[in-house]
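**Student:** Provided herewith is a single structure, encoded as structure tokens, for subsequent inquiry.
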Amino acid sequence: MRYIIACLVVLTVFSCKEVTKKEGVNDLILKVGTYRAVLEVQDNEELPFIFEVKSSNKLNIYNAEEVIEVDEIEYRNDSVFIKAPVFEGYIAAIFEGNNLKGSFIKESLDRIVPFTAEYGNSNRFPFSGKPSKSVNGVWETVFSKGIDGDEYSAKGIFKRAGNKVVGTFRTTTGDYRYLEGSMMGNTMKLSTFDGAHAFLFTAKVSDSTMEGTFYSGNHWKEPFVAKRNESYELPSANDLTFLKEGYDSIDFVFPNTSDELVGLKDDKFKDKVVIVQIMGTWCPNCLDESKYYADFYKKNKDKDVEIIALAFEYAKDKETAFSRIDRLAVNVGIEYPILLAQYGTSDKAKAQEKLPMLNHVLSYPTSIFIDKKGKVRKIHTGFNGPATGEKYIEFKYEFETFIEDLLRE
């Protein structure tokens with residue numbers, strides 16, 4: 001019922017009236033230049049991001065150092081549909097002069113977020129006053145503090161230059177990717193949008209503490225508190241997920257996108273070092289990890305090393321899940337197999353049922369390292385992507401060194 005209502009809303013917003021065209025050319029196309037986009041979240045807050053139209057069928061989305069190149073742009077009558085690479089979500093909007101008005105839509109989750117975009121505006125957050133506090137450095141952070149079952153820890157890492165602030169929050173299950181925003185007086189605001197997730201962080205900052213709210217789209221919000229702590233570190237990502245007592249290996253059989261069953265006992269994986277990647281096509285951290293793994297595999301597939309991904313998809317049917325897996329593989333250039341482990345939900349408890357030898361599936365992504373004898377040697381929870389800077393470099397070094405050690409055995 002919710003999905004039907006959502007569809008009716010979209011149909012109401014995006015009319016199908018005929019548009020006058022000159023010699024078959026639609027005048028209603030995106031104008032080359034910069035746009036300030038805004039998603040409406042809770043508490044009357046705005047979640048802004050910047051994109052730049054390069055041509056009628058290409059644009060870039062910017063989040064700090066991240067540049068997301070978009071080339072899936074479709075025009076229908078008086079509307080434009082913009083879809084970022086890999087992910088399901090898309091923007092559907094009508095033209096209001098050079099501006100846009102519409103929604104960011106994720107059909108599988110029945111989510112619609114109001115969207116607008118103003119042409120010629122490149123200010124992510126308007127600067128109104130000088131910053132009165134510094135946020136540079138490391139912040140020991142707790143989200144949903146005191147809320148039973150929801151509390152979790154994070155490490156905030158930020159840099160400020162003038163009003164502009166960039167950084168990220170690292171958690172035990174991954175990072176919140178490239179955050180960009182501003183400091184106005186003692187108020188910090190940061191946002192990111194990648195076509196899958198839309199995040200906004202607002203906080204009041206003192207010399208040694210901050211208190212704020214994290215918004216994810218218009219469906220979720222939670223409080224967070226933080227204090228300065230340059231020496232703060234999260235628990236090791238190698239200690240959070242492990243095999244239950246009595247197990248030293250894992251096993252599974254799942255279909256690939258050709259609906260052929262593939263398992264760890266297949267000849268392809270015998271006597272080889274194998275990395276099993278637990279992931280989902282909807283997951284930005286998984287995308288970051290997949291890009292790295294795809295590049296690593298291309299450079300090392302002539303060695304005795306294989307990667308096999310297990311996709312846990314919230315797509316409502318197998319065919320849609322397969323199509324999203326194929327889309328990810330094509331966009332990223334993944335040459336290793338991606339199997340469909342689950343569809344209809346990305347619930348971690350359900351995922352753990354498919355891999356009952358694990359104590360839990362705490363995070364998408366999670367990587368399981370298996371030696372040539374088929375024994376699990378390490379399980380790494382989460383992924384520290386490029387937005388984490390030095391931590392990403394450390395991860396790559398640790399990963400490649402460990403694989404080399406296993407290959408030499």
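The chains in the structure tokens are called A, B, ... from first to last as shown; in each chain the residues are counted from 1, and the ligands are counted from 1 in the order shown.
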Quick one: residues within 9 Å of A:Tyr176, only C-alpha atoms counted, chain neighbours fewer than 2 positions away excluded, as number ranges by chain?
**Tutor:** A: 168-171, 174, 178-179, 192, 199, 284-285, 387
**Student:** Write out as an MDAnalysis selection string which residues come within 8 Å of A:Val262 when counting only C-alpha atoms, dropping same-chain ones fewer than 6 positions away.
**Tutor:** chainID A and resid 253:256 339
**Student:** Mind dumping the selected residues with N, CA, C and O atoms as a short mmCIF file (atom, residue, chain, number, x, y, z; two decimals), in the first residue's frame?
**Tutor:**
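Here's the written file result19.cif:
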data_model
loop_
_atom_site.label_atom_id
_atom_site.label_comp_id
_atom_site.auth_asym_id
_atom_site.auth_seq_id
_atom_site.Cartn_x
_atom_site.Cartn_y
_atom_site.Cartn_z
N VAL A 253 26.72 -22.32 -0.94
CA VAL A 253 26.41 -22.46 -2.36
C VAL A 253 25.28 -21.48 -2.67
O VAL A 253 24.20 -21.58 -2.07
N PHE A 254 25.53 -20.54 -3.60
CA PHE A 254 24.53 -19.56 -3.98
C PHE A 254 24.57 -19.37 -5.49
O PHE A 254 25.59 -19.66 -6.14
N PRO A 255 23.51 -18.84 -6.10
CA PRO A 255 23.49 -18.65 -7.55
C PRO A 255 24.21 -17.38 -8.00
O PRO A 255 24.19 -16.36 -7.31
N ASN A 256 24.84 -17.46 -9.18
CA ASN A 256 25.34 -16.24 -9.83
C ASN A 256 24.22 -15.65 -10.67
O ASN A 256 23.09 -16.14 -10.67
N LEU A 339 27.64 -13.55 -6.09
CA LEU A 339 26.54 -14.48 -5.92
C LEU A 339 25.40 -13.81 -5.15
O LEU A 339 25.63 -12.96 -4.30
#
**Student:** Give me, as a compact mmCIF listing (two decimals) with C-alpha atoms, in the first residue's frame, all polymer residues having an atom no more than 9 Å from A:Asp251, counting only C-alpha atoms and skipping those fewer than 2 positions away in the same chain.
**Tutor:**
# COMPACT_ATOMS: atom_id res chain seq x y z
CA SER A 249 36.07 -22.88 7.89
CA VAL A 253 26.41 -22.46 -2.36
CA GLY A 263 30.23 -22.75 -4.02
CA LEU A 264 33.54 -22.63 -2.20
CA LYS A 265 34.14 -26.31 -2.97
CA LEU A 355 26.35 -18.16 7.27
CA MET A 357 29.22 -20.51 11.41
**Student:** Any idea what's packed within 6 Å of stretch 35-47 of chain A, counting only C-alpha atoms, ignoring anything in its chain fewer than 4 positions away? Could you give it as a VMD selection string?
**Tutor:** chain A and resid 51 114 to 122 200 217 to 218
**Student:** Pull C-alpha atoms from the residues just selected and write them as a PDB file, in the first residue's frame.
**Tutor:**
ATOM      1  CA  PHE A  51      26.289  19.157  -8.731  1.00  0.00           C
ATOM      2  CA  PRO A 114      11.413  16.152  -1.583  1.00  0.00           C
ATOM      3  CA  PHE A 115      14.127  17.638  -3.818  1.00  0.00           C
ATOM      4  CA  THR A 116      14.848  21.056  -5.316  1.00  0.00           C
ATOM      5  CA  ALA A 117      17.832  22.447  -7.213  1.00  0.00           C
ATOM      6  CA  GLU A 118      18.743  26.079  -7.834  1.00  0.00           C
ATOM      7  CA  TYR A 119      20.788  26.927 -10.901  1.00  0.00           C
ATOM      8  CA  GLY A 120      23.851  29.150 -10.500  1.00  0.00           C
ATOM      9  CA  ASN A 121      24.278  28.601  -6.741  1.00  0.00           C
ATOM     10  CA  SER A 122      27.474  26.855  -5.581  1.00  0.00           C
ATOM     11  CA  LEU A 200      23.196  15.504   7.236  1.00  0.00           C
ATOM     12  CA  GLY A 217      17.184  11.097   4.371  1.00  0.00           C
ATOM     13  CA  ASN A 218      13.807  11.983   5.843  1.00  0.00           C
TER      14      ASN A 218
END
**Student:** Taking only stretch 77-323 of chain A into account, list the residues labelled strand (DSSP E) by DSSP (computed from the backbone), as a PyMOL selection string.
**Tutor:** chain A and resi 79-83+90-96+99-106+111-119+137-143+152-161+164-171+174-175+179-184+187-193+198-205+209-216+220-228+253-255+261-263+273-279+305-312
**Student:** Could you state the separation of atom CA of A:Asn229 and atom CA of A:Gly385 in Å, given to one decimal place?
**Tutor:**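 Separation of atom CA of A:Asn229 and atom CA of A:Gly385: 21.9 Å.
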**Student:** Would you mind listing what lies within 10 Å of A:Val70 as a PyMOL selection string, with only C-alpha atoms counted and same-chain residues fewer than 5 positions away left out?
**Tutor:** chain A and resi 51+53-54+57-61+82-85+195
**Student:** Between A:Ala64, A:Val135, A:Leu407, A:Ala196, which residue has the minimum interatomic distance to A:Tyr90, considering only C-alpha atoms?
**Tutor:**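 Among the listed residues, A:Ala196 lies closest to A:Tyr90.
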**Student:** Using only C-alpha atoms, which of the listed residues (A:Cys283, A:Leu358, A:Ile403, A:Ile94) sits closest to A:Tyr247?
**Tutor:**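 Checking each candidate against A:Tyr247, we get A:Leu358 as the closest.
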**Student:** Using only C-alpha atoms, which residue out of A:Phe127, A:Tyr152, A:Phe49, A:Tyr314 lies closest to A:Thr187?
**Tutor:**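 Checking each of A:Phe127, A:Tyr152, A:Phe49, A:Tyr314 against A:Thr187, counting only C-alpha atoms, the winner is A:Phe127.
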**Student:** Could you jot down the atom CA of A:Lys221 to atom CA of A:Ser363 separation for me, Å, one decimal place?
**Tutor:** 19.6 Å
**Student:** By how many Å are atom CA of A:Val32 and atom CA of A:Leu100 apart?
**Tutor:** 13.5 Å
**Student:** Quick one: DSSP alpha helix (DSSP H) residues in stretch 128-376 of chain A, as a PyMOL selection string?
**Tutor:** chain A and resi 284-300+318-332+348-354
